[in-house]
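The data block below is structure.cif; it holds mmCIF, C-alpha atoms and all ligand atoms.
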data_coords
#
loop_
_atom_site.label_atom_id
_atom_site.label_comp_id
_atom_site.auth_asym_id
_atom_site.auth_seq_id
_atom_site.Cartn_x
_atom_site.Cartn_y
_atom_site.Cartn_z
CA MET J 5 0.15 -1.65 10.96
CA ALA J 6 -3.61 -2.01 10.85
CA HIS J 7 -4.92 -5.20 12.45
CA VAL J 8 -7.76 -6.68 10.44
CA THR J 9 -9.74 -9.84 10.17
CA GLN J 10 -9.71 -11.72 6.89
CA ASP J 11 -13.16 -10.43 6.13
CA GLY J 12 -12.26 -6.86 6.89
CA THR J 13 -9.27 -6.75 4.56
CA GLY J 14 -11.26 -5.58 1.58
CA GLN J 15 -12.27 -2.50 3.54
CA LEU J 16 -8.72 -1.32 4.16
CA ASP J 17 -7.41 1.66 2.27
CA ASP J 18 -4.53 0.96 -0.09
CA GLN J 19 -1.79 2.01 2.31
CA ALA J 20 -3.17 -0.10 5.18
CA PHE J 21 -3.64 -2.99 2.78
CA ALA J 22 0.00 -2.71 1.61
CA GLU J 23 1.19 -2.88 5.23
CA TRP J 24 -1.16 -5.78 6.01
CA LEU J 25 0.09 -7.72 2.99
CA ALA J 26 3.76 -7.10 3.85
CA GLY J 27 3.03 -8.42 7.33
CA ARG J 28 1.26 -11.55 6.11
CA ALA J 29 3.99 -12.46 3.63
CA GLY J 30 6.65 -11.71 6.22
CA ALA J 31 5.04 -14.06 8.76
CA ALA J 32 4.94 -16.84 6.15
CA LEU J 33 8.62 -16.29 5.33
CA THR J 34 9.61 -16.34 9.00
CA ALA J 35 7.72 -19.61 9.49
CA LEU J 36 9.33 -21.12 6.40
CA ARG J 37 12.83 -20.23 7.61
CA ALA J 38 12.10 -21.86 10.98
CA GLN J 39 10.65 -25.02 9.40
CA GLN J 40 13.13 -25.58 6.61
CA GLY J 41 16.40 -24.44 8.24
CA PHE J 42 19.55 -23.30 6.43
CA ALA J 43 21.16 -26.60 5.36
CA ASP J 44 20.22 -26.06 1.69
CA PRO J 45 20.33 -22.30 0.98
CA ALA J 46 19.32 -22.63 -2.68
CA ALA J 47 16.21 -24.62 -1.74
CA LEU J 48 15.34 -22.11 0.99
CA LYS J 49 15.66 -19.17 -1.44
CA ASP J 50 13.43 -20.87 -4.00
CA ALA J 51 10.84 -21.87 -1.41
CA GLY J 52 10.80 -18.34 0.04
CA ASP J 53 10.40 -16.60 -3.32
CA ARG J 54 7.63 -18.98 -4.36
CA ALA J 55 5.66 -19.08 -1.07
CA SER J 56 5.65 -15.31 -0.65
CA HIS J 57 4.74 -14.67 -4.30
CA GLU J 58 1.84 -17.12 -4.12
CA LEU J 59 0.51 -15.68 -0.87
CA MET J 60 0.74 -12.11 -2.15
CA THR J 61 -0.76 -12.71 -5.58
CA ALA J 62 -3.63 -14.73 -4.07
CA ALA J 63 -4.38 -11.89 -1.63
CA LEU J 64 -4.21 -9.29 -4.42
CA ALA J 65 -6.51 -11.38 -6.62
CA ARG J 66 -8.97 -11.66 -3.76
CA TRP J 67 -8.91 -8.14 -2.35
CA ARG J 68 -7.86 -6.02 -5.32
CA PRO J 69 -9.18 -8.05 -8.28
CA GLU J 70 -9.40 -5.05 -10.64
CA ASP J 71 -5.73 -4.16 -10.28
CA ALA J 72 -2.73 -5.45 -12.25
CA VAL J 73 0.40 -6.88 -10.61
CA LEU J 74 4.10 -6.79 -11.43
CA SER J 75 5.96 -9.33 -9.29
CA GLU J 76 9.59 -10.42 -9.51
CA GLU J 77 8.50 -14.04 -9.41
CA GLU J 78 6.03 -14.13 -12.28
CA ALA J 79 6.81 -15.52 -15.73
CA ASP J 80 8.07 -12.80 -18.12
CA ALA J 81 8.61 -10.34 -15.25
CA ARG J 82 12.00 -9.27 -16.66
CA ARG J 83 10.88 -9.02 -20.26
CA ALA J 84 11.08 -5.64 -21.95
CA TRP J 85 7.94 -5.19 -24.05
CA ALA J 86 7.91 -3.35 -27.35
CA ALA J 87 5.21 -0.72 -27.93
CA GLY J 88 2.01 -2.19 -29.32
CA GLU J 89 2.94 -5.86 -28.83
CA GLY J 90 -0.27 -7.86 -28.91
CA ASP J 91 0.43 -10.07 -25.89
CA ALA J 92 1.63 -7.24 -23.63
CA PRO J 93 0.75 -7.70 -19.94
CA ALA J 94 -2.33 -6.05 -18.42
CA ARG J 95 -0.15 -3.77 -16.30
CA LEU J 96 0.83 -1.72 -19.37
CA SER J 97 -2.73 -0.48 -19.86
CA ALA J 98 -3.98 -0.69 -16.23
CA ASP J 99 -4.56 2.41 -14.11
CA ARG J 100 -3.43 0.69 -10.89
CA VAL J 101 -0.50 -1.73 -10.64
CA TRP J 102 0.84 -3.42 -7.50
CA ILE J 103 4.62 -3.68 -7.86
CA ILE J 104 5.82 -6.34 -5.44
CA ASP J 105 9.05 -8.04 -4.51
CA PRO J 106 7.93 -11.06 -2.46
CA LEU J 107 11.43 -11.54 -1.03
CA ASP J 108 14.13 -8.90 -1.43
CA GLY J 109 17.56 -9.85 -0.14
CA THR J 110 16.97 -13.48 -1.04
CA ARG J 111 20.63 -14.28 -0.44
CA GLU J 112 20.48 -12.94 3.13
CA PHE J 113 17.17 -14.73 3.78
CA SER J 114 19.01 -18.00 3.18
CA GLU J 115 21.82 -17.23 5.66
CA ALA J 116 21.23 -18.08 9.33
CA GLY J 117 21.17 -15.11 11.68
CA ARG J 118 20.81 -12.39 9.03
CA THR J 119 17.99 -9.89 9.36
CA ASP J 120 18.63 -7.84 6.20
CA TRP J 121 15.86 -9.17 3.95
CA ALA J 122 12.47 -7.69 3.23
CA VAL J 123 9.03 -7.87 1.62
CA HIS J 124 8.07 -5.02 -0.77
CA VAL J 125 4.54 -3.88 -1.62
CA ALA J 126 3.95 -0.74 -3.72
CA LEU J 127 0.96 0.65 -5.57
CA TRP J 128 1.56 2.66 -8.74
CA GLN J 129 -1.26 4.66 -10.27
CA ARG J 130 -1.24 5.95 -13.85
CA SER J 131 -3.63 8.81 -13.16
CA ALA J 132 -1.50 10.11 -10.26
CA GLY J 133 1.02 11.95 -12.44
CA PRO J 134 2.30 12.53 -15.99
CA ASP J 135 4.30 9.27 -15.77
CA GLY J 136 2.02 7.80 -13.10
CA ALA J 137 3.26 7.81 -9.50
CA LEU J 138 3.68 5.60 -6.46
CA VAL J 139 0.65 6.18 -4.23
CA ALA J 140 1.19 3.61 -1.46
CA GLY J 141 4.04 1.45 -0.23
CA ALA J 142 5.25 -0.75 2.59
CA VAL J 143 8.52 -2.51 3.35
CA GLY J 144 8.34 -5.35 5.84
CA MET J 145 11.49 -6.50 7.59
CA PRO J 146 10.16 -9.65 9.26
CA ALA J 147 13.39 -10.56 11.08
CA ARG J 148 13.56 -7.13 12.74
CA THR J 149 11.18 -5.97 15.44
CA THR J 150 9.68 -2.80 16.83
CA SER J 151 10.18 -1.89 20.50
CA ASP J 152 7.07 -3.92 21.37
CA GLY J 153 8.35 -7.03 19.60
CA ALA J 154 6.18 -6.86 16.45
CA PRO J 155 7.81 -7.47 13.04
CA LEU J 156 9.00 -4.17 11.60
CA ILE J 157 6.95 -2.73 8.74
CA LEU J 158 7.60 0.76 7.40
CA GLY J 159 4.83 2.64 5.62
CA THR J 160 4.73 6.10 4.08
CA ASP J 161 4.14 7.98 7.34
CA ARG J 162 7.65 7.96 8.83
CA PRO J 163 9.11 11.22 10.15
CA THR J 164 12.35 12.56 8.65
CA PRO J 165 15.09 11.59 11.13
CA PRO J 166 17.41 14.28 12.54
CA ALA J 167 20.76 14.76 10.77
CA GLU J 168 23.88 13.36 12.46
CA ASP J 169 27.34 14.91 12.65
CA GLY J 170 30.34 13.00 11.36
CA PRO J 171 31.33 11.38 8.06
CA LEU J 172 28.51 10.56 5.66
CA ARG J 173 27.33 6.96 5.97
CA ILE J 174 26.40 5.43 2.61
CA ALA J 175 24.60 2.07 2.45
CA VAL J 176 25.72 -0.17 -0.42
CA SER J 177 25.06 -3.74 -1.51
CA ARG J 178 27.20 -6.18 0.46
CA SER J 179 27.59 -8.39 -2.63
CA ARG J 180 27.28 -6.01 -5.63
CA PRO J 181 28.34 -2.46 -4.67
CA PRO J 182 28.56 0.04 -7.55
CA ALA J 183 31.96 0.17 -9.25
CA PHE J 184 32.35 3.90 -8.51
CA VAL J 185 31.73 3.66 -4.78
CA GLY J 186 35.42 3.69 -3.75
CA GLU J 187 35.98 6.96 -5.59
CA LEU J 188 32.70 8.38 -4.27
CA VAL J 189 33.54 7.80 -0.60
CA GLU J 190 36.97 9.33 -1.15
CA LEU J 191 35.48 12.45 -2.73
CA LEU J 192 32.97 12.86 0.11
CA GLY J 193 35.09 11.69 3.03
CA ALA J 194 32.27 9.19 3.58
CA ARG J 195 32.20 5.58 4.73
CA THR J 196 30.23 2.68 3.31
CA VAL J 197 27.82 0.54 5.30
CA PRO J 198 27.34 -2.76 3.41
CA MET J 199 24.06 -4.63 3.87
CA GLY J 200 21.68 -6.88 1.96
CA SER J 201 18.31 -5.97 0.39
CA ALA J 202 17.41 -2.74 -1.38
CA GLY J 203 14.41 -2.35 0.94
CA VAL J 204 16.54 -2.68 4.07
CA LYS J 205 19.05 -0.14 2.74
CA VAL J 206 16.38 2.43 1.87
CA CYS J 207 14.76 1.90 5.28
CA ALA J 208 18.16 2.47 6.89
CA VAL J 209 18.10 5.96 5.31
CA VAL J 210 14.53 6.51 6.51
CA THR J 211 15.33 5.50 10.11
CA GLY J 212 18.57 7.55 10.19
CA GLU J 213 20.93 4.59 10.46
CA VAL J 214 22.68 5.88 7.31
CA ASP J 215 22.52 9.12 5.32
CA ALA J 216 22.24 7.68 1.80
CA TYR J 217 21.93 4.55 -0.32
CA VAL J 218 23.61 4.42 -3.72
CA HIS J 219 23.24 1.62 -6.25
CA ALA J 220 24.17 1.06 -9.91
CA GLY J 221 24.82 -1.88 -12.18
CA GLY J 222 21.42 -3.58 -12.14
CA GLN J 223 18.03 -3.73 -10.43
CA TYR J 224 14.39 -4.00 -11.43
CA GLU J 225 11.35 -1.89 -10.59
CA TRP J 226 10.27 -4.23 -7.78
CA ASP J 227 13.59 -3.78 -5.98
CA SER J 228 12.98 -0.07 -5.42
CA ALA J 229 9.25 0.77 -5.87
CA ALA J 230 8.04 0.10 -2.32
CA PRO J 231 11.23 1.36 -0.64
CA VAL J 232 11.07 4.58 -2.70
CA ALA J 233 7.41 5.11 -1.73
CA VAL J 234 8.44 4.77 1.94
CA ALA J 235 11.41 7.11 1.44
CA LEU J 236 9.37 9.80 -0.37
CA GLY J 237 6.75 9.61 2.36
CA ALA J 238 9.48 10.35 4.91
CA GLY J 239 10.63 13.41 2.95
CA MET J 240 13.74 11.78 1.49
CA HIS J 241 15.16 12.44 -1.97
CA ALA J 242 14.98 9.54 -4.46
CA CYS J 243 16.22 9.57 -8.05
CA ARG J 244 18.50 7.87 -10.56
CA VAL J 245 22.28 8.30 -10.31
CA ASP J 246 22.12 11.15 -12.87
CA GLY J 247 19.46 12.96 -10.82
CA SER J 248 16.62 12.10 -13.20
CA PRO J 249 13.29 10.75 -11.91
CA LEU J 250 12.56 7.13 -11.12
CA ARG J 251 9.72 5.95 -13.33
CA TYR J 252 7.68 2.85 -12.66
CA ASN J 253 5.47 0.47 -14.63
CA ARG J 254 7.53 0.92 -17.77
CA ALA J 255 7.50 -1.50 -20.69
CA ASP J 256 11.09 -2.34 -19.74
CA PRO J 257 11.12 -3.13 -15.99
CA ARG J 258 14.87 -2.68 -15.59
CA LEU J 259 15.71 0.21 -13.27
CA PRO J 260 19.39 -0.39 -12.70
CA ASP J 261 20.48 2.51 -10.52
CA LEU J 262 19.16 4.44 -7.56
CA VAL J 263 20.05 7.16 -5.06
CA VAL J 264 18.04 7.67 -1.85
CA CYS J 265 19.30 10.25 0.61
CA ARG J 266 18.45 12.92 3.11
CA PRO J 267 17.07 15.85 1.08
CA GLU J 268 19.77 18.33 2.07
CA LEU J 269 22.48 15.95 0.78
CA ALA J 270 21.07 15.42 -2.71
CA ASP J 271 22.96 18.14 -4.59
CA ARG J 272 26.30 17.32 -2.99
CA LEU J 273 25.92 13.58 -3.43
CA LEU J 274 24.77 13.79 -7.07
CA ALA J 275 27.59 16.20 -7.93
CA ALA J 276 30.11 13.78 -6.41
CA ILE J 277 28.61 10.83 -8.28
CA ALA J 278 28.88 12.81 -11.56
CA ARG J 279 32.54 13.53 -10.77
CA THR J 280 33.33 9.81 -10.51
CA GLY J 281 32.67 9.60 -14.26
CA VAL J 282 30.07 6.88 -13.80
CA GLU J 283 28.35 6.07 -17.06
CA MET J 284 25.07 7.97 -16.89
CA PRO J 285 21.79 6.35 -17.92
CA ALA J 286 20.10 7.57 -21.11
CA SER J 287 17.58 9.37 -18.88
CA ALA J 288 20.26 12.04 -18.29
CA VAL J 289 18.94 13.91 -21.29
CA THR J 290 15.56 14.59 -19.65
CA GLY J 291 17.14 17.07 -17.25
CA SER J 292 14.43 16.85 -14.56
CA THR J 293 15.14 16.00 -10.94
CA GLY J 294 13.57 13.81 -8.30
CA GLN J 295 10.07 12.43 -8.06
CA ALA J 296 6.97 13.59 -6.26
CA PHE J 297 5.03 11.20 -4.06
CA GLY J 298 1.56 11.08 -5.55
N1 LIG L 301 23.59 -5.98 -10.61
C1 LIG L 301 22.36 -6.38 -10.33
N2 LIG L 301 21.54 -6.91 -11.29
C2 LIG L 301 20.27 -7.30 -11.00
N3 LIG L 301 19.72 -7.20 -9.77
C3 LIG L 301 20.47 -6.69 -8.78
C4 LIG L 301 21.82 -6.25 -9.01
N4 LIG L 301 22.32 -5.78 -7.84
C5 LIG L 301 21.32 -5.93 -6.93
N5 LIG L 301 20.23 -6.45 -7.50
C6 LIG L 301 18.96 -6.79 -6.83
O1 LIG L 301 18.65 -5.80 -5.86
C7 LIG L 301 18.22 -6.40 -4.65
C8 LIG L 301 19.14 -5.94 -3.54
O2 LIG L 301 20.44 -6.40 -3.81
P1 LIG L 301 21.59 -6.24 -2.73
O3 LIG L 301 21.16 -7.03 -1.54
O4 LIG L 301 22.82 -6.79 -3.40
O5 LIG L 301 21.68 -4.80 -2.44
C9 LIG L 301 18.27 -7.93 -4.84
O6 LIG L 301 16.95 -8.38 -5.07
P2 LIG L 301 16.42 -9.88 -4.76
O7 LIG L 301 17.03 -10.34 -3.49
O8 LIG L 301 14.95 -9.69 -4.72
O9 LIG L 301 16.86 -10.69 -5.95
C10 LIG L 301 19.16 -8.08 -6.05
O10 LIG L 301 18.81 -9.17 -6.89
MG MG L 302 14.65 -7.63 -4.94
#
Translate the structure described by the file into structure tokens.
Amino acid sequence: MAHVTQDGTGQLDDQAFAEWLAGRAGAALTALRAQQGFADPAALKDAGDRASHELMTAALARWRPEDAVLSEEEADARRAWAAGEGDAPARLSADRVWIIDPLDGTREFSEAGRTDWAVHVALWQRSAGPDGALVAGAVGMPARTTSDGAPLILGTDRPTPPAEDGPLRIAVSRSRPPAFVGELVELLGARTVPMGSAGVKVCAVVTGEVDAYVHAGGQYEWDSAAPVAVALGAGMHACRVDGSPLRYNRADPRLPDLVVCRPELADRLLAAIARTGVEMPASAVTGSTGQAFG
């Protein structure tokens, strides 16, 4: 991560700024956890969501004032907008939109001793592709550290980890795994690795701790935008469960399913998912595969 002074922040490029912001929000969340303790998990979740959102949106307003923001914690974040609605948010006409999840894995954040929670910062740019594209991203995992003791932040420059022998390891939500996952692991002779936070699960693929992450049943753009930017940067495959591309900054921010895996596994994994008979999203009709990192 780039180390900058307050005054130098405006000079950072977008990727360095994303990593800086993930680090700042992560430090605030770590301090909040230490101060408030775990006696009232609901209050800790609320305080974490709010504090991180406020810090991040204030920094974005200061250092990237021209850009729009889509944050989980803002009013109307989950609303699906109809085309041409007069009061539509600025993000739907903006060229650059920061898609942020101030605290992903909120449940785990509120449980003492757990490190599987994250801060997500992604930048989507309309002009970067036919549907726009993610052009920067960082996932901070403030309760995990690098070998020199700094909080762990993954950007888009990670190497692809070497493949491992043995049964496929598939990360899934510890509280809301997809309904088809039992059948999927049977078909593949795989095993599941449950953990919290979409960002932590995608980063587990990027670091080689697991081979894939599969989710279905509900999520929003902010749950996957930054993790997918990190995964694409590391050469991973990322798509919907039917193999169609992940699209961001849509009028409807729901993006309920996701597959991130080592590139050589994509065909096999997607074929197995299709065999489980999972209900495919409407995007199945587009027929295109994967997403390029802008
Ligand atoms: N069925 C569902 N509907 C809506 N959001 C879901 C979901 N399953 C998972 N998510 C969201 O995806 C993120 C990762 O979930 P999980 O830890 O279960 O894998 C969480 O984000 P937040 O913690 O930001 O709310 C969670 O809310
Ligand atoms: Mg989230």
When the cut-off is 7 Å and you count all atoms listed in the file, which residues lie near ligand MG 302 (chain L), shown as a PyMOL selection string?
chain J and resi 105+107-109+201-202+226-227
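Distances to J:Arg162 were evaluated for J:Ser97, J:Thr211, J:Gln39, J:Ser248 using all atoms listed in the file, and the minimum falls at J:Thr211.
Interatomic distance, atom CA of J:Asp120 to atom CA of J:Gly193: 25.7 Å.
Our summary of the geometry notes that atom CA of J:Glu89 is positioned 25.9 Å from atom CA of J:Arg68.
A straight line drawn from atom CA of J:Val204 to atom CA of J:Leu33 is 15.8 Å long.
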Could you list, as a PDB file with C-alpha atoms, keeping the file's coordinate frame, all protein and nucleic acid residues with an atom at most 9 Å from ligand LIG 301 (chain L), counting all atoms listed in the file?
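So the final result, stored in out30.pdb, reads:
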ATOM      1  CA  ASP J  53      10.400 -16.600  -3.320  1.00  0.00           C
ATOM      2  CA  GLU J  76       9.590 -10.420  -9.510  1.00  0.00           C
ATOM      3  CA  ASP J 105       9.050  -8.040  -4.510  1.00  0.00           C
ATOM      4  CA  PRO J 106       7.930 -11.060  -2.460  1.00  0.00           C
ATOM      5  CA  LEU J 107      11.430 -11.540  -1.030  1.00  0.00           C
ATOM      6  CA  ASP J 108      14.130  -8.900  -1.430  1.00  0.00           C
ATOM      7  CA  GLY J 109      17.560  -9.850  -0.140  1.00  0.00           C
ATOM      8  CA  THR J 110      16.970 -13.480  -1.040  1.00  0.00           C
ATOM      9  CA  ARG J 111      20.630 -14.280  -0.440  1.00  0.00           C
ATOM     10  CA  GLU J 112      20.480 -12.940   3.130  1.00  0.00           C
ATOM     11  CA  PHE J 113      17.170 -14.730   3.780  1.00  0.00           C
ATOM     12  CA  ASP J 120      18.630  -7.840   6.200  1.00  0.00           C
ATOM     13  CA  TRP J 121      15.860  -9.170   3.950  1.00  0.00           C
ATOM     14  CA  ALA J 122      12.470  -7.690   3.230  1.00  0.00           C
ATOM     15  CA  VAL J 123       9.030  -7.870   1.620  1.00  0.00           C
ATOM     16  CA  ALA J 175      24.600   2.070   2.450  1.00  0.00           C
ATOM     17  CA  VAL J 176      25.720  -0.170  -0.420  1.00  0.00           C
ATOM     18  CA  SER J 177      25.060  -3.740  -1.510  1.00  0.00           C
ATOM     19  CA  ARG J 178      27.200  -6.180   0.460  1.00  0.00           C
ATOM     20  CA  SER J 179      27.590  -8.390  -2.630  1.00  0.00           C
ATOM     21  CA  ARG J 180      27.280  -6.010  -5.630  1.00  0.00           C
ATOM     22  CA  PRO J 181      28.340  -2.460  -4.670  1.00  0.00           C
ATOM     23  CA  PRO J 182      28.560   0.040  -7.550  1.00  0.00           C
ATOM     24  CA  PRO J 198      27.340  -2.760   3.410  1.00  0.00           C
ATOM     25  CA  MET J 199      24.060  -4.630   3.870  1.00  0.00           C
ATOM     26  CA  GLY J 200      21.680  -6.880   1.960  1.00  0.00           C
ATOM     27  CA  SER J 201      18.310  -5.970   0.390  1.00  0.00           C
ATOM     28  CA  ALA J 202      17.410  -2.740  -1.380  1.00  0.00           C
ATOM     29  CA  GLY J 203      14.410  -2.350   0.940  1.00  0.00           C
ATOM     30  CA  VAL J 204      16.540  -2.680   4.070  1.00  0.00           C
ATOM     31  CA  LYS J 205      19.050  -0.140   2.740  1.00  0.00           C
ATOM     32  CA  HIS J 219      23.240   1.620  -6.250  1.00  0.00           C
ATOM     33  CA  ALA J 220      24.170   1.060  -9.910  1.00  0.00           C
ATOM     34  CA  GLY J 221      24.820  -1.880 -12.180  1.00  0.00           C
ATOM     35  CA  GLY J 222      21.420  -3.580 -12.140  1.00  0.00           C
ATOM     36  CA  GLN J 223      18.030  -3.730 -10.430  1.00  0.00           C
ATOM     37  CA  TYR J 224      14.390  -4.000 -11.430  1.00  0.00           C
ATOM     38  CA  TRP J 226      10.270  -4.230  -7.780  1.00  0.00           C
ATOM     39  CA  ASP J 227      13.590  -3.780  -5.980  1.00  0.00           C
ATOM     40  CA  SER J 228      12.980  -0.070  -5.420  1.00  0.00           C
ATOM     41  CA  ARG J 258      14.870  -2.680 -15.590  1.00  0.00           C
ATOM     42  CA  PRO J 260      19.390  -0.390 -12.700  1.00  0.00           C
ATOM     43  CA  ASP J 261      20.480   2.510 -10.520  1.00  0.00           C
TER      44      ASP J 261
END
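Of the listed residues (J:Asp99, J:Asp215, J:Asp44, J:Asp161), J:Asp99 comes nearest to J:Asp135; the distances count all atoms listed in the file.
Of the listed residues (J:Pro285, J:Gly117, J:Gly27, J:Pro231), J:Pro231 comes nearest to J:Tyr217; the distances count only C-alpha atoms.
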